[in-house]
Structures are given as C-alpha cells and as structure tokens.
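As provided, upload-v6.csv (CSV, C-alpha atoms) reads as follows.
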chain,number,residue,atom,x,y,z
R,501,MET,CA,-227.5,12.4,81.0
R,502,ASP,CA,-224.5,13.1,78.7
R,503,TYR,CA,-224.1,16.4,77.0
R,504,VAL,CA,-222.2,16.8,73.8
R,505,ILE,CA,-220.7,19.4,71.5
R,506,THR,CA,-222.2,19.4,68.0
R,507,GLY,CA,-221.0,22.6,66.4
R,508,ILE,CA,-218.0,24.9,66.7
R,509,GLY,CA,-216.9,28.4,65.5
R,510,VAL,CA,-213.6,30.2,65.8
R,511,TYR,CA,-212.4,33.6,64.6
R,512,ASN,CA,-208.9,34.8,65.7
R,513,GLY,CA,-205.5,35.8,64.5
R,514,LEU,CA,-204.7,32.2,63.4
R,515,GLY,CA,-207.8,31.8,61.2
R,516,THR,CA,-211.4,32.9,60.6
R,517,THR,CA,-212.8,29.3,60.8
R,518,PRO,CA,-212.3,26.5,63.3
R,519,GLU,CA,-210.4,24.3,60.8
R,520,SER,CA,-208.1,27.1,59.5
R,521,SER,CA,-207.3,28.3,63.0
R,522,TRP,CA,-206.6,24.7,64.1
R,523,ALA,CA,-204.4,23.9,61.1
R,524,ASN,CA,-202.3,27.0,61.7
R,525,LEU,CA,-202.0,26.2,65.4
R,526,LEU,CA,-200.7,22.7,64.5
R,527,ALA,CA,-198.3,24.3,62.0
R,528,GLY,CA,-196.8,26.4,64.8
R,529,LYS,CA,-197.9,29.8,63.5
R,530,SER,CA,-198.4,32.6,65.9
R,531,ALA,CA,-200.9,35.5,66.1
R,532,ILE,CA,-198.5,37.5,68.3
R,533,GLN,CA,-197.2,40.6,66.6
R,534,PRO,CA,-196.0,44.1,67.4
R,535,LEU,CA,-198.8,46.7,68.0
R,536,THR,CA,-198.7,49.9,65.9
R,537,TRP,CA,-200.7,52.5,67.7
R,538,PRO,CA,-202.3,55.3,65.7
R,539,GLU,CA,-201.2,58.9,66.2
R,540,ASP,CA,-202.9,60.5,69.2
R,541,ASP,CA,-205.7,62.8,68.3
R,542,PRO,CA,-205.2,66.1,70.2
R,543,GLY,CA,-209.0,66.6,70.0
R,544,LYS,CA,-209.4,63.4,72.1
R,545,PHE,CA,-206.9,62.2,74.5
R,546,PRO,CA,-203.4,63.3,73.3
R,547,SER,CA,-201.4,61.0,75.7
R,548,THR,CA,-203.5,57.9,75.4
R,549,HIS,CA,-200.9,55.8,73.5
R,550,LYS,CA,-197.9,57.4,75.0
R,551,SER,CA,-198.8,55.8,78.3
R,552,ILE,CA,-198.7,52.3,77.0
R,553,LYS,CA,-195.2,50.7,77.2
R,554,VAL,CA,-196.2,47.1,76.1
R,555,ASN,CA,-196.5,47.0,72.3
R,556,ILE,CA,-197.2,43.4,71.4
R,557,ALA,CA,-200.4,41.4,71.3
R,558,ALA,CA,-202.0,38.4,69.6
R,559,THR,CA,-204.4,40.5,67.6
R,560,SER,CA,-207.5,39.4,65.6
R,561,PRO,CA,-208.6,41.0,62.4
R,562,LYS,CA,-211.1,43.8,63.2
R,563,LEU,CA,-214.2,43.4,61.1
R,564,GLN,CA,-215.3,46.8,59.5
R,565,ASP,CA,-218.5,48.2,58.2
R,566,THR,CA,-217.6,47.3,54.6
R,567,ASP,CA,-216.5,43.7,55.3
R,568,SER,CA,-218.6,41.0,53.8
R,569,HIS,CA,-220.9,39.2,56.2
R,570,PRO,CA,-224.0,36.9,56.2
R,571,GLU,CA,-227.0,38.6,54.8
R,572,HIS,CA,-229.0,38.1,58.0
R,573,PHE,CA,-226.4,40.2,59.8
R,574,ASP,CA,-227.7,43.3,57.9
R,575,TYR,CA,-229.9,43.8,61.0
R,576,GLY,CA,-227.1,45.4,63.0
R,577,TRP,CA,-223.8,45.0,61.2
R,578,THR,CA,-223.0,48.7,60.8
R,579,ASP,CA,-223.9,49.4,64.4
R,580,TRP,CA,-221.9,46.5,65.9
R,581,ASP,CA,-218.5,46.9,67.4
R,582,PRO,CA,-215.8,44.6,65.8
R,583,ASN,CA,-216.0,42.4,68.9
R,584,THR,CA,-219.8,41.9,68.4
R,585,ARG,CA,-219.3,41.1,64.7
R,586,ALA,CA,-216.6,38.5,65.4
R,587,CYS,CA,-218.8,37.0,68.1
R,588,LEU,CA,-221.8,36.7,65.9
R,589,LEU,CA,-219.7,35.2,63.0
R,590,THR,CA,-218.5,32.3,65.3
R,591,VAL,CA,-222.0,31.7,66.5
R,592,ASP,CA,-223.2,31.5,62.9
R,593,GLN,CA,-220.4,29.1,62.1
R,594,ALA,CA,-221.3,26.9,65.1
R,595,ILE,CA,-225.1,26.9,64.2
R,596,THR,CA,-224.3,26.0,60.6
R,597,ASP,CA,-221.8,23.3,61.6
R,598,SER,CA,-224.3,21.8,64.0
R,599,ASN,CA,-227.2,22.0,61.5
R,600,LEU,CA,-229.2,23.5,64.3
R,601,THR,CA,-232.7,24.7,63.2
R,602,SER,CA,-234.7,24.7,66.5
R,603,LYS,CA,-235.6,28.0,68.0
R,604,ASN,CA,-236.1,26.4,71.4
R,605,VAL,CA,-232.5,27.2,72.2
R,606,GLY,CA,-230.7,29.2,75.0
R,607,VAL,CA,-227.7,31.5,74.9
R,608,VAL,CA,-224.7,31.9,77.2
R,609,VAL,CA,-222.3,34.2,75.4
R,610,SER,CA,-219.8,36.2,77.4
R,611,THR,CA,-217.3,39.0,77.0
R,612,PHE,CA,-214.9,40.6,79.4
R,613,GLY,CA,-214.6,43.9,77.6
R,614,SER,CA,-217.4,44.2,75.0
R,615,GLY,CA,-217.4,47.3,72.9
R,616,THR,CA,-213.7,48.0,73.5
R,617,THR,CA,-213.2,50.1,70.4
R,618,LEU,CA,-216.1,52.4,71.3
R,619,ARG,CA,-215.0,53.3,74.8
R,620,LEU,CA,-212.4,55.9,73.9
R,621,ASP,CA,-214.9,57.4,71.4
R,622,LEU,CA,-217.5,57.6,74.1
R,623,PHE,CA,-215.2,59.1,76.6
R,624,SER,CA,-214.0,61.6,74.0
R,625,ALA,CA,-217.6,62.6,73.3
R,626,LEU,CA,-218.2,63.1,77.0
R,627,ASN,CA,-214.9,65.1,77.4
R,628,ASN,CA,-215.8,67.3,74.4
R,629,GLY,CA,-219.3,68.0,75.6
R,630,ALA,CA,-221.2,66.1,73.0
R,631,ARG,CA,-224.8,65.8,74.0
R,632,ARG,CA,-225.5,62.6,72.0
R,633,VAL,CA,-223.8,59.7,70.4
R,634,SER,CA,-225.4,56.8,68.5
R,635,PRO,CA,-227.5,54.8,70.9
R,636,ARG,CA,-227.1,51.6,68.8
R,637,LYS,CA,-223.4,51.9,68.9
R,638,THR,CA,-223.3,52.7,72.6
R,639,LEU,CA,-225.2,49.5,73.4
R,640,ASN,CA,-222.2,47.4,72.3
R,641,ILE,CA,-220.5,48.4,75.6
R,642,GLY,CA,-223.0,46.2,77.6
R,643,LEU,CA,-221.5,42.8,78.4
R,644,ASP,CA,-224.8,41.2,77.6
R,645,PHE,CA,-225.1,42.9,74.1
R,646,PRO,CA,-223.6,40.1,71.9
R,647,ALA,CA,-225.9,37.5,73.6
R,648,ALA,CA,-228.9,39.7,73.0
R,649,GLN,CA,-228.1,40.1,69.3
R,650,ILE,CA,-228.1,36.3,69.0
R,651,ALA,CA,-231.7,36.3,70.1
R,652,ALA,CA,-232.5,39.1,67.6
R,653,ILE,CA,-230.8,37.4,64.6
R,654,TYR,CA,-231.8,33.8,65.2
R,655,ARG,CA,-235.0,34.2,67.1
R,656,VAL,CA,-234.0,31.7,69.7
R,657,THR,CA,-236.4,31.8,72.7
R,658,GLY,CA,-234.5,30.1,75.5
R,659,PRO,CA,-232.7,31.7,78.4
R,660,ASN,CA,-230.2,34.4,77.4
R,661,THR,CA,-227.4,35.6,79.5
R,662,SER,CA,-223.6,36.3,79.8
R,663,MET,CA,-221.0,35.4,82.5
R,664,ASP,CA,-218.1,37.2,84.0
R,665,SER,CA,-215.6,35.4,86.2
R,666,ALA,CA,-212.2,36.6,85.0
R,667,CYS,CA,-210.1,34.0,83.2
R,668,THR,CA,-212.5,31.2,84.1
R,669,THR,CA,-215.4,32.8,82.2
R,670,GLY,CA,-215.3,30.4,79.3
R,671,ILE,CA,-215.7,27.2,81.4
R,672,THR,CA,-218.2,29.0,83.6
R,673,SER,CA,-220.3,29.7,80.5
R,674,ILE,CA,-220.1,26.0,79.4
R,675,ASP,CA,-221.2,24.9,82.9
R,676,ALA,CA,-224.0,27.5,83.0
R,677,ALA,CA,-225.3,26.2,79.6
R,678,ILE,CA,-225.3,22.5,80.8
R,679,ASN,CA,-227.1,23.5,84.0
R,680,GLN,CA,-229.8,25.2,81.9
R,681,LEU,CA,-230.2,22.0,79.8
R,682,LYS,CA,-230.5,20.0,83.0
R,683,ALA,CA,-233.0,22.4,84.6
R,684,ASN,CA,-235.0,22.8,81.3
R,685,PRO,CA,-235.0,19.4,79.5
R,686,GLU,CA,-237.4,20.8,77.0
R,687,LEU,CA,-234.6,23.0,75.6
R,688,ASP,CA,-233.1,21.6,72.5
R,689,ALA,CA,-229.6,23.1,72.8
R,690,MET,CA,-227.5,25.9,74.2
R,691,ILE,CA,-225.3,28.3,72.2
R,692,VAL,CA,-222.1,29.0,74.2
R,693,GLY,CA,-219.5,31.5,73.3
R,694,GLY,CA,-217.0,34.2,74.2
R,695,ALA,CA,-215.5,37.2,72.5
R,696,ASP,CA,-212.9,39.7,73.4
R,697,HIS,CA,-210.8,42.2,71.4
R,698,MET,CA,-208.8,43.9,74.2
R,699,ALA,CA,-205.6,45.0,72.5
R,700,GLU,CA,-206.9,48.5,73.0
R,701,PRO,CA,-205.5,51.4,75.1
R,702,ILE,CA,-207.8,51.0,78.1
R,703,TYR,CA,-207.2,47.3,78.7
R,704,MET,CA,-203.5,47.3,77.7
R,705,TYR,CA,-203.0,50.1,80.2
R,706,TRP,CA,-205.0,48.3,82.8
R,707,PHE,CA,-202.9,45.0,82.6
R,708,GLN,CA,-199.7,46.9,82.2
R,709,ASN,CA,-200.3,48.6,85.5
R,710,LEU,CA,-200.9,45.2,87.1
R,711,GLY,CA,-197.5,44.2,85.9
R,712,ALA,CA,-199.1,41.2,84.1
R,713,LEU,CA,-198.1,41.8,80.5
R,714,SER,CA,-194.9,40.5,78.9
R,715,PRO,CA,-192.9,43.1,76.8
R,716,ASP,CA,-191.4,40.5,74.6
R,717,GLY,CA,-193.5,37.3,74.1
R,718,SER,CA,-195.5,34.5,75.6
R,719,ARG,CA,-193.5,31.5,76.8
R,720,PRO,CA,-195.7,29.1,78.9
R,721,PHE,CA,-193.8,26.8,81.2
R,722,ASP,CA,-190.5,28.3,80.2
R,723,ARG,CA,-188.1,29.4,83.0
R,724,SER,CA,-187.7,32.8,81.2
R,725,ARG,CA,-191.5,33.6,81.1
R,726,ASN,CA,-192.3,37.1,82.3
R,727,GLY,CA,-196.0,37.7,81.8
R,728,PHE,CA,-198.8,37.1,79.4
R,729,VAL,CA,-199.6,38.5,76.0
R,730,MET,CA,-203.0,40.0,75.3
R,731,GLY,CA,-205.0,37.8,73.0
R,732,GLU,CA,-208.0,38.5,70.9
R,733,GLY,CA,-210.7,36.5,69.2
R,734,ALA,CA,-214.1,34.9,69.4
R,735,ALA,CA,-215.3,31.3,69.7
R,736,ALA,CA,-218.6,29.5,70.0
R,737,MET,CA,-220.0,26.0,70.4
R,738,ILE,CA,-223.4,24.2,70.4
R,739,ILE,CA,-224.1,22.0,73.4
R,740,GLU,CA,-227.1,19.6,73.6
R,741,ALA,CA,-228.2,16.5,75.3
R,742,LYS,CA,-226.6,13.4,73.7
R,743,ASP,CA,-229.9,11.6,73.1
R,744,LYS,CA,-231.3,14.6,71.2
R,745,ALA,CA,-228.2,15.0,69.2
R,746,VAL,CA,-228.2,11.4,68.2
R,747,ALA,CA,-231.9,11.4,67.4
R,748,ARG,CA,-231.5,14.3,64.9
R,749,GLY,CA,-228.3,12.8,63.4
R,750,ALA,CA,-226.0,15.6,64.5
R,751,LYS,CA,-222.3,15.5,64.1
R,752,ILE,CA,-220.8,15.0,67.6
R,753,TYR,CA,-217.3,16.3,68.4
R,754,ALA,CA,-217.0,15.2,72.0
R,755,THR,CA,-218.8,14.4,75.2
R,756,ILE,CA,-218.5,16.8,78.2
R,757,LYS,CA,-217.9,14.5,81.1
R,758,SER,CA,-217.7,17.1,83.9
R,759,THR,CA,-217.0,20.7,84.9
R,760,SER,CA,-215.6,21.7,88.3
R,761,PHE,CA,-215.0,25.0,90.2
R,762,ILE,CA,-213.1,25.7,93.3
R,763,THR,CA,-212.5,29.2,94.7
R,764,LEU,CA,-209.6,29.6,97.2
R,765,PHE,CA,-208.9,33.3,97.6
R,766,ASP,CA,-205.3,34.2,98.5
R,767,SER,CA,-204.7,37.3,96.3
R,768,ASP,CA,-206.6,39.6,94.0
R,769,THR,CA,-204.5,38.5,91.1
R,770,SER,CA,-202.4,35.4,92.1
R,771,PRO,CA,-203.4,31.8,92.8
R,772,ASP,CA,-202.9,30.3,96.2
R,773,PRO,CA,-199.1,29.5,96.4
R,774,GLU,CA,-199.6,25.8,97.2
R,775,GLY,CA,-201.9,25.2,94.3
R,776,THR,CA,-204.5,23.8,96.6
R,777,GLY,CA,-207.4,25.3,94.7
R,778,ALA,CA,-206.2,23.9,91.4
R,779,ARG,CA,-205.6,20.5,92.8
R,780,LEU,CA,-209.0,20.3,94.4
R,781,CYS,CA,-210.6,21.5,91.2
R,782,VAL,CA,-209.1,18.9,89.0
R,783,ASN,CA,-209.7,16.1,91.5
R,784,GLN,CA,-213.4,17.2,91.8
R,785,ALA,CA,-213.7,17.1,88.0
R,786,LEU,CA,-212.3,13.6,87.9
R,787,ILE,CA,-214.7,12.4,90.7
R,788,LYS,CA,-217.7,14.0,88.9
R,789,ALA,CA,-216.7,12.3,85.6
R,790,GLY,CA,-216.3,9.0,87.3
R,791,LEU,CA,-212.6,8.8,86.2
R,792,SER,CA,-209.2,8.4,87.8
R,793,THR,CA,-206.0,10.3,87.1
R,794,ASN,CA,-204.9,7.3,85.1
R,795,ASP,CA,-207.7,7.9,82.6
R,796,ILE,CA,-206.4,11.4,81.6
R,797,GLY,CA,-204.2,11.2,78.5
R,798,TYR,CA,-204.0,14.9,77.5
R,799,ILE,CA,-204.0,18.2,79.3
R,800,ASN,CA,-204.8,21.6,77.8
R,801,ALA,CA,-203.3,23.9,80.4
R,802,HIS,CA,-204.3,27.4,81.4
R,803,ALA,CA,-200.6,28.5,81.6
R,804,THR,CA,-200.5,32.1,80.6
R,805,SER,CA,-196.7,32.6,80.8
R,806,THR,CA,-196.7,34.3,84.2
R,807,PRO,CA,-193.9,33.4,86.6
R,808,VAL,CA,-196.1,32.3,89.5
R,809,GLY,CA,-199.2,30.8,87.8
R,810,ASP,CA,-197.4,28.5,85.3
R,811,GLN,CA,-195.2,26.9,88.0
R,812,ILE,CA,-198.2,26.2,90.3
R,813,GLU,CA,-200.2,24.6,87.5
R,814,PHE,CA,-197.1,22.6,86.4
R,815,ASP,CA,-196.5,21.3,89.9
R,816,VAL,CA,-200.2,20.4,90.5
R,817,MET,CA,-200.6,18.5,87.2
R,818,THR,CA,-197.2,16.7,87.6
R,819,ALA,CA,-198.4,15.5,91.0
R,820,LEU,CA,-201.8,14.4,89.7
R,821,THR,CA,-201.0,13.2,86.2
R,822,PRO,CA,-197.3,12.8,85.6
R,823,ASN,CA,-195.7,12.1,82.3
R,824,ARG,CA,-198.8,13.2,80.3
R,825,VAL,CA,-198.8,15.5,77.2
R,826,MET,CA,-199.5,19.0,78.4
R,827,VAL,CA,-199.9,22.0,76.2
R,828,SER,CA,-200.8,25.7,76.5
R,829,ASN,CA,-202.2,27.4,73.4
R,830,LYS,CA,-201.3,30.9,74.7
R,831,GLY,CA,-197.8,30.9,73.3
R,832,GLN,CA,-199.4,31.3,69.9
R,833,LEU,CA,-202.8,33.0,70.8
R,834,GLY,CA,-202.0,35.0,73.9
R,835,HIS,CA,-204.6,35.2,76.6
R,836,ALA,CA,-207.9,35.8,74.9
R,837,MET,CA,-209.8,36.4,78.2
R,838,ALA,CA,-213.5,35.4,77.9
R,839,THR,CA,-212.7,33.6,74.7
R,840,ALA,CA,-209.9,31.6,76.2
R,841,GLY,CA,-211.8,28.8,77.9
R,842,ILE,CA,-214.1,28.4,74.9
R,843,VAL,CA,-211.5,28.3,72.1
R,844,GLU,CA,-209.1,26.2,74.2
R,845,THR,CA,-211.8,23.7,74.9
R,846,ILE,CA,-212.5,23.6,71.1
R,847,TYR,CA,-208.8,23.0,70.5
R,848,THR,CA,-208.8,20.2,73.1
R,849,VAL,CA,-211.7,18.5,71.4
R,850,LEU,CA,-210.0,18.8,68.0
R,851,ALA,CA,-206.8,17.3,69.5
R,852,LEU,CA,-208.9,14.3,70.7
R,853,ARG,CA,-210.6,14.1,67.3
R,854,ASP,CA,-207.3,14.1,65.3
R,855,GLN,CA,-205.2,12.5,68.0
R,856,LYS,CA,-202.7,15.3,67.4
R,857,THR,CA,-201.6,18.3,69.5
R,858,PRO,CA,-199.8,21.6,68.8
R,859,GLY,CA,-196.7,22.3,70.8
R,860,ASN,CA,-195.8,24.8,73.5
R,861,ALA,CA,-194.6,27.8,71.5
R,862,GLY,CA,-191.6,29.7,72.9
R,863,LEU,CA,-190.6,26.9,75.2
R,864,THR,CA,-186.8,26.2,75.3
R,865,ASP,CA,-186.1,25.7,79.0
R,866,PRO,CA,-188.9,23.9,80.8
R,867,CYS,CA,-189.8,24.8,84.3
R,868,GLY,CA,-189.7,21.2,85.5
R,869,GLU,CA,-189.6,17.5,84.7
R,870,ASP,CA,-191.9,14.6,84.5
R,871,MET,CA,-194.3,16.0,82.0
R,872,ILE,CA,-194.3,15.8,78.3
R,873,LEU,CA,-194.2,19.4,77.0
R,874,PRO,CA,-193.9,19.2,73.2
R,875,THR,CA,-192.5,22.2,71.3
R,876,SER,CA,-194.1,21.3,68.0
R,877,ALA,CA,-197.0,19.2,66.9
R,878,ILE,CA,-197.0,15.5,67.9
R,879,ASN,CA,-199.4,12.6,67.8
R,880,ILE,CA,-201.2,11.7,71.0
R,881,ASN,CA,-203.1,8.7,72.3
R,882,ALA,CA,-205.9,9.9,74.5
R,883,ARG,CA,-209.6,9.3,75.1
R,884,TYR,CA,-210.1,11.8,78.0
R,885,ALA,CA,-208.6,15.3,78.3
R,886,VAL,CA,-208.7,17.9,81.0
R,887,LYS,CA,-208.7,21.6,80.2
R,888,ASN,CA,-207.9,24.1,83.0
R,889,SER,CA,-208.7,27.8,83.4
R,890,PHE,CA,-207.5,29.7,86.5
R,891,GLY,CA,-208.4,33.3,87.2
R,892,PHE,CA,-208.1,36.3,89.4
R,893,GLY,CA,-209.6,36.1,92.8
R,894,GLY,CA,-208.5,32.5,93.4
R,895,ARG,CA,-210.9,31.1,90.8
R,896,ASN,CA,-210.2,27.6,89.5
R,897,ALA,CA,-212.1,25.8,86.7
R,898,SER,CA,-211.6,22.5,84.9
R,899,ILE,CA,-213.5,20.6,82.3
R,900,ILE,CA,-213.1,17.0,81.2
R,901,VAL,CA,-214.0,16.0,77.7
R,902,GLU,CA,-214.2,12.6,76.1
R,903,ARG,CA,-213.4,11.7,72.4
R,904,TYR,CA,-216.6,10.8,70.7
R,905,GLU,CA,-216.5,7.5,68.8
R,906,ASN,CA,-219.1,7.5,66.0

Render the structure in this file as structure tokens.
Amino acid sequence: MDYVITGIGVYNGLGTTPESSWANLLAGKSAIQPLTWPEDDPGKFPSTHKSIKVNIAATSPKLQDTDSHPEHFDYGWTDWDPNTRACLLTVDQAITDSNLTSKNVGVVVSTFGSGTTLRLDLFSALNNGARRVSPRKTLNIGLDFPAAQIAAIYRVTGPNTSMDSACTTGITSIDAAINQLKANPELDAMIVGGADHMAEPIYMYWFQNLGALSPDGSRPFDRSRNGFVMGEGAAAMIIEAKDKAVARGAKIYATIKSTSFITLFDSDTSPDPEGTGARLCVNQALIKAGLSTNDIGYINAHATSTPVGDQIEFDVMTALTPNRVMVSNKGQLGHAMATAGIVETIYTVLALRDQKTPGNAGLTDPCGEDMILPTSAININARYAVKNSFGFGGRNASIIVERYEN
C-alpha cells in the first residue's frame, strides 16, 4: 500500500502560505534577523533578557488576538498562544488544499515547546503569588494542546496524539501517521503537523547554555559554521492511502516510499562520531523503499550548521550518494525544531514537483568535495529524494519521497 501527501500548509518567517514561503526560499530570502528583546519588567523577572547573549533568530510573525483568522477559529482564538494559532492555520491550509471533508481522520501534530509565550507569564504569576490565571490560556502549555484543538475545530474522530523525539520529531510524526493508517485501514486520512515558536527567553537561554547557538548566522556545510540559529514556524500535511486519494480525485504531491529510524547513543547532544547511525538509517530507508543509492537524485539534509553534525552528515551522504545535489534549508529558516522535519519534507516535495531547489544559504567555503552544494536556486533532475533529520540522544531519521506523476 502506498501513502501519499495530498495537502500542505506552511506558516513561517518566509511566508504565510506554502507557495509564498517556497517562492521566497527559492529567491534566497532569509527569515534570520536580529532579536530585539523588550525591556525587563521589574515586577516579573528583571534579569530575564540580560542573561541571553545570542540575539539572532529566524522568527515567525506572532499572531495576535486582533489578527484576522478563519471564522471557525472563533472557538478558541483569543485563548490560543501564537504557536497554537500558527499551527491551526497551517492545518486549515492543508485541509483546504486537500479538499478533505471526511471526519474519519486522525491527528499527529507535535510541538517541542508549545505555549512558549505563556511560560514566563505563568512563572511570574506564581512568583507574585497569584492564586489563579486563565485556565484556557494555561492549557496551551500542554504539548498535546494543538492536536486536541484540531479535534475541537474540525470534529475529526480518529486517533489524536503528539510526538516528541527532539529534532527527529517531524519525521517521527509522519511515520506515526502512516502506521495509524496501516493499523486502521478504515481511516480516511491523517493530519500531520508541527509547530514551534521558541525564540523566547527560556529556550534561547537553554540552547545558549548548551553552546549550540550561533551568535552570527547559520552556515550549513561551511567550514566557518559555529552553531545553529533558532527557527520558528508551523507546517502541516495530509497523508492518506493512495487508492483512497485517487478514488476521490485528490491532488497528490508525492508518494512517501519509506521512513527509517536508527538510535545509536553516543552523547546527550552529539551524533556518534563515525556517523554509523546516520548511515544505517539511510540504508534502511533505501531497503524499505526497494531502492538503491543510484535512485536518489536529491537530498534535503538535516545540517543545522553545527561543527560536528554537518561534517558527519556530509561524510555519510558523500559515501552513500556522491555527487548529488544536497541542500539544507536551515541557512534561511534556522532550526524550527518540531516543525523542521515537516516543513523540510514539504520543501523536498515541492523541489521534486518543480524540479528546482533553493541553495545553501551562507555557504562560501564547503566542508568537503564530491557533493553538489548549490548556493542559489538551480534546476534538478530527480524522481526520488531523501530527507534526513538527526537529533539529540543519537536519534536518526530519514524519509524517502517520490515525485508523483499525474
């Protein structure tokens, strides 16, 4: 049984729709910009922002109470955190794009730091002795909250959950959705998504302390790379069995040929130094898809611009699939956490559709040879693509997608 993508949604610093974001990505535009922190409120935590030394991020517009929104979002719009709002907007885009009307639909929508903008407010209320804050707003902090709101708005009755597996969360969510469709063939579709808006004090401080953030920019695969840039945004897709999609005349973007996961723990934060986990993961994805390395024509890399991780991925992919076009979107989007695997899979699918790829932003001195690392948009010739996501704790994930020929 083949599973296909029939609808997509994107909201990030490059655009508030899939096509606008994709066009700006191809044009070489960047969402990375300086952060301007508000003045510290002495009634809250007067040193919050003074502790943060990294002041750039790939931010996404924060949707406010007064912003326009679909009428059916009136149910919870004023109580939703900007992260939940962006998440629901991309889900609405994907459902509309797919022309999905069935209610026999499941949800796997994930977030690494849901309710980020509310956390300091909640901590301040606790610190100041407030006995009560808005329960509806507080619910946003739950990692499952955006997924639950999808059931509330669209009345979909299938399984409803969220995933959390560090930087592999996006591909893990796609895999979980496909497994639900396999286990429950009566389901008509799965809504899959991710949302994170973590250019906020708590998370910036967290990753700053890990030494993971770059102070001056994202440069995947460049010898001068020195850390990742925090990214923000939301993305969603509709996945369904190919026969059901064809039967209802759905627009099909791509076929998901396989997903693969290998965990090889070497460090809490770094991949195993030989890249064994990444190599095994990509090989397993190829075997499950019934493909050889020669079939892969395009690679959407995880490459976050960290000194260790980029080199390991580069060496693994050069050994497996040399002289292929390989691109990381994080030079323009930063690392969007739970969103990353979803939105980068969408960009991979659009690259196959258009046979065109964006470049590797910020790349001037490549970390190696024998791979094609464009620095601006170029045409490609690819039927199959692999997209990698590698995360903390030795997690490795890969997905292979095939261009759909109508």

Check your understanding: What is the CA of Lys603 in chain R-CA of Arg655 in chain R distance in Å, reported with one decimal?
Key -> 6.3 Å

Point to revise | 8 Å contact set for Ala836 in chain R, only C-alpha atoms, chain neighbours under 6 positions out, as a list in words | key: Asp696, His697, Met730, Gly731, Glu732 and Gly733 of chain R

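Using only C-alpha atoms, the nearest neighbour of Arg883 in chain R within the list R:Gln784, R:Thr668, R:Ser614, R:Thr755 is R:Thr755.
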
**Study point:** Shell around range 616-629 of chain R at 7 Å using all atoms listed in the file, local window under 6 positions removed, as a PyMOL selection string
**Key:** chain R and resi 544+581+697-698+700

Exercise for review: Extract, using only C-alpha atoms, all DNA, RNA and protein residues at most 12 Å from range 788-793 of chain R, discarding same-chain residues fewer than 5 positions from it, and format them as a ChimeraX atom specification.
Suggested key: /R:501-502,755-761,779,781-783,798-799,817-824,883-886,898-902

Check your understanding: Taking into account all atoms listed in the file, which residue in the set R:Gly891, R:Ala838, R:Leu713, R:Asp870 is nearest to Asp766 in chain R?
Key -> R:Gly891

Point to revise | Residues near Ile842 in chain R, cut-off 9 Å, all atoms listed in the file, skip fewer than 2 positions along chain, as a PyMOL selection string | key: chain R and resi 669-671+673-674+692-694+734-737+838-840+844-847

Check your understanding: Residues at most 9 Å from Ser530 in chain R, counting all atoms listed in the file, excluding those fewer than 3 positions away in the same chain, as an NGL selection string?
Key -> :R and (513-514 or 524-525 or 533 or 558 or 831-833 or 861)

Edge lengths and centre in Å to one decimal, as JSON, is what I'm after for the box along x, y and z that holds all listed atoms of range 886-891 of chain R once 3 Å is added on each side.
{"center_x": -208.1, "center_y": 25.6, "center_z": 83.7, "size_x": 7.2, "size_y": 21.4, "size_z": 13.0}

Review point. R:Thr578, R:Thr611, R:Asn896, R:Thr657: which is nearest Gly642 in chain R, counting only C-alpha atoms?
Key: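 Closest to Gly642 in chain R, using only C-alpha atoms: R:Thr611.
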